[in-house]
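Text of input.tsv (TSV, C-alpha atoms) as supplied:
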chain	number	residue	atom	x	y	z
A	116	MET	CA	26.56	17.86	-15.53
A	117	THR	CA	22.85	17.09	-15.79
A	118	LEU	CA	22.28	13.35	-15.52
A	119	LEU	CA	18.46	13.22	-15.57
A	120	TRP	CA	16.13	15.70	-17.22
A	121	LEU	CA	12.35	15.51	-17.19
A	122	ASP	CA	10.75	18.10	-19.45
A	123	ARG	CA	7.03	18.92	-19.16
A	124	ILE	CA	5.96	15.35	-18.42
A	125	ALA	CA	2.31	14.36	-18.76
A	126	ALA	CA	1.19	10.84	-17.81
A	127	PHE	CA	-2.06	8.93	-17.56
A	128	TYR	CA	-3.54	5.84	-15.96
A	129	GLY	CA	-6.06	4.85	-18.61
A	130	PRO	CA	-8.23	7.93	-19.21
A	131	SER	CA	-7.21	9.58	-15.91
A	132	GLN	CA	-4.39	12.10	-16.10
A	133	ALA	CA	-1.97	11.93	-13.15
A	134	LEU	CA	0.87	14.20	-14.31
A	135	PHE	CA	0.24	17.45	-16.15
A	136	ASP	CA	3.54	19.34	-16.23
A	137	VAL	CA	6.46	17.83	-14.31
A	138	THR	CA	9.89	19.28	-15.01
A	139	MET	CA	12.95	18.42	-12.94
A	140	THR	CA	16.65	17.77	-13.26
A	141	VAL	CA	19.21	15.76	-11.29
A	142	ALA	CA	22.92	16.40	-11.70
A	143	ASP	CA	25.71	13.88	-11.29
A	144	GLY	CA	26.33	13.39	-7.56
A	145	GLU	CA	23.28	15.42	-6.52
A	146	VAL	CA	20.65	14.34	-4.01
A	147	VAL	CA	17.18	15.65	-4.89
A	148	ALA	CA	14.15	15.35	-2.61
A	149	LEU	CA	10.93	14.80	-4.57
A	150	MET	CA	8.21	16.11	-2.29
A	151	GLY	CA	4.47	16.73	-2.10
A	152	ARG	CA	1.38	15.58	-0.26
A	153	ASN	CA	-0.01	12.10	-0.84
A	154	GLY	CA	-1.50	11.61	-4.29
A	155	MET	CA	0.31	14.53	-5.92
A	156	GLY	CA	2.25	12.46	-8.46
A	157	LYS	CA	5.54	11.51	-6.80
A	158	THR	CA	5.36	7.75	-7.37
A	159	THR	CA	3.93	8.29	-10.86
A	160	THR	CA	6.95	10.46	-11.65
A	161	VAL	CA	9.21	7.66	-10.39
A	162	LYS	CA	7.41	5.21	-12.67
A	163	VAL	CA	8.02	7.50	-15.64
A	164	ILE	CA	11.71	7.85	-14.77
A	165	CYS	CA	12.12	4.08	-14.45
A	166	ARG	CA	9.99	3.44	-17.58
A	167	LEU	CA	7.34	1.53	-15.68
A	168	LEU	CA	4.86	4.03	-17.12
A	169	ARG	CA	5.24	5.72	-20.48
A	170	GLN	CA	4.47	9.42	-20.54
A	171	ARG	CA	2.06	10.87	-23.09
A	172	GLY	CA	3.71	14.26	-23.21
A	173	GLY	CA	7.17	15.68	-22.64
A	174	HIS	CA	10.56	14.01	-22.71
A	175	VAL	CA	12.92	12.09	-20.43
A	176	LEU	CA	16.68	12.30	-20.98
A	177	PHE	CA	19.24	10.26	-19.04
A	178	ASP	CA	22.91	11.05	-19.56
A	179	GLY	CA	21.90	13.02	-22.63
A	180	ARG	CA	20.01	10.12	-24.22
A	181	PRO	CA	16.21	9.93	-24.63
A	182	LEU	CA	14.49	7.24	-22.58
A	183	ASP	CA	11.06	7.83	-24.08
A	184	ARG	CA	10.88	4.52	-25.97
A	185	LEU	CA	12.96	2.34	-23.65
A	186	PRO	CA	11.37	-0.51	-21.65
A	187	ALA	CA	12.05	-0.70	-17.92
A	188	HIS	CA	14.82	-3.31	-18.10
A	189	LYS	CA	16.81	-1.21	-20.56
A	190	ALA	CA	16.42	1.88	-18.36
A	191	ALA	CA	17.85	-0.19	-15.51
A	192	ARG	CA	20.77	-1.24	-17.70
A	193	ALA	CA	21.33	2.41	-18.58
A	194	GLY	CA	22.02	3.06	-14.91
A	195	ILE	CA	18.76	3.75	-13.05
A	196	GLY	CA	18.30	1.76	-9.84
A	197	LEU	CA	14.90	1.71	-8.14
A	198	VAL	CA	14.04	0.98	-4.51
A	199	PRO	CA	10.26	0.76	-4.90
A	200	GLU	CA	7.65	1.74	-2.38
A	201	GLY	CA	6.72	-1.35	-0.38
A	202	ARG	CA	10.16	-2.97	-0.89
A	203	ARG	CA	8.91	-5.84	-3.11
A	204	CYS	CA	11.63	-8.33	-2.25
A	205	PHE	CA	11.36	-11.85	-3.66
A	206	SER	CA	10.00	-13.44	-0.50
A	207	ASN	CA	10.71	-17.04	-1.49
A	208	LEU	CA	14.37	-16.33	-2.36
A	209	THR	CA	17.18	-15.98	0.14
A	210	VAL	CA	18.87	-12.68	0.92
A	211	HIS	CA	21.85	-13.78	-1.17
A	212	GLU	CA	19.63	-14.77	-4.11
A	213	ASN	CA	17.76	-11.45	-3.96
A	214	LEU	CA	21.02	-9.53	-4.05
A	215	ILE	CA	22.49	-11.34	-7.03
A	216	ALA	CA	19.25	-11.59	-9.03
A	217	ALA	CA	19.92	-8.46	-11.09
A	218	ALA	CA	23.56	-7.79	-10.17
A	219	ARG	CA	25.88	-6.11	-12.65
A	220	SER	CA	29.63	-5.75	-12.44
A	221	GLY	CA	30.98	-2.70	-10.65
A	222	PRO	CA	32.06	-1.43	-7.24
A	223	TRP	CA	28.78	-2.46	-5.60
A	224	ASP	CA	29.18	-6.16	-4.99
A	225	LEU	CA	28.17	-8.43	-2.10
A	226	ALA	CA	31.08	-7.27	0.04
A	227	ALA	CA	30.27	-3.58	-0.47
A	228	VAL	CA	26.55	-4.04	0.21
A	229	THR	CA	27.13	-6.02	3.39
A	230	ARG	CA	29.58	-3.40	4.63
A	231	LEU	CA	26.78	-0.86	4.25
A	232	PHE	CA	24.22	-3.20	5.83
A	233	PRO	CA	26.03	-5.83	7.96
A	234	ARG	CA	22.71	-7.40	8.92
A	235	LEU	CA	22.32	-8.70	5.38
A	236	SER	CA	25.46	-10.78	5.82
A	237	GLU	CA	24.00	-12.26	9.02
A	238	ARG	CA	20.75	-13.11	7.19
A	239	ARG	CA	22.43	-14.30	3.97
A	240	ASP	CA	20.72	-17.71	3.83
A	241	GLN	CA	17.30	-16.66	5.18
A	242	ASN	CA	14.34	-16.26	2.87
A	243	ALA	CA	13.48	-12.61	2.38
A	244	GLY	CA	9.94	-13.26	3.57
A	245	SER	CA	11.26	-14.11	7.04
A	246	LEU	CA	13.01	-10.75	7.49
A	247	SER	CA	11.70	-7.80	9.47
A	248	GLY	CA	10.39	-4.80	7.55
A	249	GLY	CA	13.59	-2.88	8.20
A	250	GLU	CA	15.76	-5.77	7.01
A	251	GLN	CA	13.65	-6.08	3.88
A	252	GLN	CA	14.19	-2.37	3.22
A	253	MET	CA	17.94	-2.82	3.58
A	254	LEU	CA	17.71	-5.74	1.18
A	255	ALA	CA	15.74	-3.68	-1.36
A	256	ILE	CA	18.36	-0.93	-1.23
A	257	GLY	CA	21.18	-3.46	-1.47
A	258	ARG	CA	19.53	-5.17	-4.45
A	259	ALA	CA	19.28	-1.82	-6.27
A	260	LEU	CA	22.91	-1.00	-5.47
A	261	MET	CA	24.01	-4.37	-6.86
A	262	THR	CA	22.88	-3.13	-10.30
A	263	ASN	CA	25.61	-0.45	-9.93
A	264	PRO	CA	23.36	2.46	-10.89
A	265	ARG	CA	24.38	6.01	-11.68
A	266	LEU	CA	21.02	7.20	-10.30
A	267	LEU	CA	19.39	5.62	-7.25
A	268	VAL	CA	15.67	6.27	-6.75
A	269	LEU	CA	14.32	5.73	-3.22
A	270	ASP	CA	10.53	5.77	-3.02
A	271	GLU	CA	9.43	6.06	0.64
A	272	ALA	CA	12.47	4.14	1.88
A	273	THR	CA	11.75	4.72	5.58
A	274	GLU	CA	7.95	4.56	5.63
A	275	GLY	CA	6.49	2.38	8.38
A	276	LEU	CA	9.83	1.48	9.94
A	277	ALA	CA	10.82	1.67	13.60
A	278	PRO	CA	12.73	4.85	14.52
A	279	VAL	CA	16.03	3.03	15.10
A	280	VAL	CA	15.83	1.36	11.68
A	281	ARG	CA	14.86	4.65	10.04
A	282	GLN	CA	18.06	6.15	11.39
A	283	GLU	CA	20.08	3.26	9.95
A	284	ILE	CA	18.56	3.89	6.53
A	285	TRP	CA	19.22	7.64	6.71
A	286	ALA	CA	22.80	6.96	7.83
A	287	ALA	CA	23.25	4.70	4.80
A	288	ILE	CA	21.90	7.39	2.45
A	289	SER	CA	24.30	9.91	4.00
A	290	ARG	CA	27.18	7.49	3.43
A	291	LEU	CA	26.16	6.98	-0.20
A	292	LYS	CA	26.17	10.73	-0.73
A	293	ALA	CA	29.50	11.30	1.02
A	294	GLU	CA	31.42	8.31	-0.28
A	295	THR	CA	30.12	7.47	-3.76
A	296	GLY	CA	29.06	10.62	-5.62
A	297	MET	CA	25.98	8.71	-6.79
A	298	ALA	CA	22.99	10.78	-7.87
A	299	ILE	CA	19.96	10.06	-5.69
A	300	ILE	CA	16.26	10.91	-5.77
A	301	VAL	CA	14.58	10.54	-2.37
A	302	ILE	CA	10.86	10.54	-1.67
A	303	ASP	CA	10.12	10.78	2.04
A	304	LYS	CA	7.95	12.68	4.49
A	305	SER	CA	10.74	13.36	7.01
A	306	LEU	CA	11.66	16.93	6.25
A	307	GLY	CA	14.27	17.08	9.02
A	308	GLU	CA	16.20	14.13	7.64
A	309	LEU	CA	15.78	15.32	4.05
A	310	ARG	CA	17.33	18.65	4.96
A	311	GLN	CA	20.44	16.81	6.12
A	312	VAL	CA	21.01	14.78	2.95
A	313	ALA	CA	19.34	16.58	0.02
A	314	ASP	CA	20.88	19.37	-2.04
A	315	ARG	CA	17.67	20.46	-3.75
A	316	ALA	CA	13.94	19.82	-3.55
A	317	VAL	CA	11.23	19.54	-6.18
A	318	ILE	CA	7.64	19.85	-4.96
A	319	LEU	CA	4.68	18.46	-6.87
A	320	GLU	CA	1.11	19.68	-6.52
A	321	LYS	CA	-1.63	17.88	-8.46
A	322	GLY	CA	0.84	16.52	-11.01
A	323	VAL	CA	2.64	19.82	-11.59
A	324	SER	CA	6.09	20.95	-10.50
A	325	VAL	CA	5.27	23.98	-8.38
A	326	TRP	CA	8.54	24.67	-6.56
A	327	THR	CA	12.20	23.86	-7.21
A	328	GLY	CA	15.17	25.11	-5.26
A	329	ALA	CA	17.86	24.49	-2.68
A	330	ILE	CA	16.60	22.45	0.25
A	331	ALA	CA	17.78	25.25	2.53
A	332	GLY	CA	15.26	27.52	0.83
A	333	LEU	CA	12.27	25.51	2.04
A	334	GLY	CA	10.83	28.02	4.47
A	335	PRO	CA	7.59	27.83	6.48
A	336	ASP	CA	5.60	29.57	3.75
A	337	ILE	CA	6.48	26.88	1.19
A	338	THR	CA	6.11	23.92	3.54
A	339	ASN	CA	2.76	25.16	4.87
A	340	ARG	CA	1.42	25.83	1.42
A	341	TYR	CA	2.49	22.64	-0.37
A	342	LEU	CA	3.39	20.07	2.28
A	343	GLY	CA	1.06	20.83	5.15
A	344	ILE	CA	3.97	20.99	7.60
Would you write out, as structure tokens, the structure that this file holds?
Amino acid sequence: MTLLWLDRIAAFYGPSQALFDVTMTVADGEVVALMGRNGMGKTTTVKVICRLLRQRGGHVLFDGRPLDRLPAHKAARAGIGLVPEGRRCFSNLTVHENLIAAARSGPWDLAAVTRLFPRLSERRDQNAGSLSGGEQQMLAIGRALMTNPRLLVLDEATEGLAPVVRQEIWAAISRLKAETGMAIIVIDKSLGELRQVADRAVILEKGVSVWTGAIAGLGPDITNRYLGI
């Protein structure tokens, strides 16, 4: 069943158009890699999905319902959880306070999140600003999971992290896919890791969806043309 449907999305920042024709779907339980070079519209598409930016063309449906007029907090309540680029933890709040700030009832509670990321239990009473970058990323993912979303959106979840921490994050994403059936959108530059967790890929080029298909179908011709890999 299709959970998220973006149909011919156009979006602007003031007078500057960033998205021209973005169409993509995400099914229940599916992991979709949203790909493209820097500046091609990936984060803008995430903002439209999460209602942080209202599109000026096209439609967004979530679980069969239009999101076009919803504010961001109502999109979150509908079941969309965002792990934003740059983490954006509340630095002056503790790990525990960050996790419960937007928590909703469901299977993802403090116990479940700390099983996924045991380090958060060890840092429970530390301010988020005192954590390492990798620990802050774990906290950002845990905070999103505590909203008990049906769709988790990960925007550059491993960018700038040490290799060992990157592997912890990818292992957590793999566990989410295998154990929860949660739908996930992943933006990342690590094609090798994406191939291991994603079912499909959508590639953006200058604000347009230019390729959609099974991740296994991403051959050298496609990656060279659109990703520079």
Could you check the closest approach to A:Met297 for each of A:Arg265, A:Lys162, A:Arg258, A:Arg152 and tell me which residue wins, using all atoms listed in the file? A:Arg265
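The space separating atom CA of A:Val141 from atom CA of A:Leu118 comes to 5.8 Å.
Closest approach to A:Val280 among A:Met139, A:Leu214, A:Met253, A:Val301 is made by A:Met253 (distances from only C-alpha atoms).
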Which residue, A:Gly343, A:Gly332, A:Gly296, A:Gly129, has the smallest gap to A:Arg171 when you use only C-alpha atoms?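 That would be A:Gly129, the residue with the smallest distance to A:Arg171.
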Nearest to A:Ile300 by atom-to-atom distance, counting all atoms listed in the file, from A:Gly196, A:Gly249, A:Gly244, A:Gly179: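 Checking each candidate against A:Ile300, we get A:Gly196 as the closest.
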Residues within 12 Å of A:Cys165, only C-alpha atoms, excluding chain neighbours under 3 positions, as a VMD selection string: chain A and resid 119 121 158 to 162 168 to 170 175 to 177 182 to 199 264 266 to 270 300
Which residues are near stretch 302-314 of chain A? Cut-off 8 Å, only C-alpha atoms, ignore same chain within fewer than 5 positions. Put them as a PyMOL selection string. chain A and resi 145-150+157+269-274+285+288-289+292+329-331
Can you tell me, as a list of chain:residue names, which residues sit within 7 Å of (8.7, 15.1, -23.6) in the file's frame, using all atoms listed in the file?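 Those residues lying close to the given coordinates are A:Asp122, A:Arg123, A:Ile124, A:Gly172, A:Gly173, A:His174, A:Val175.
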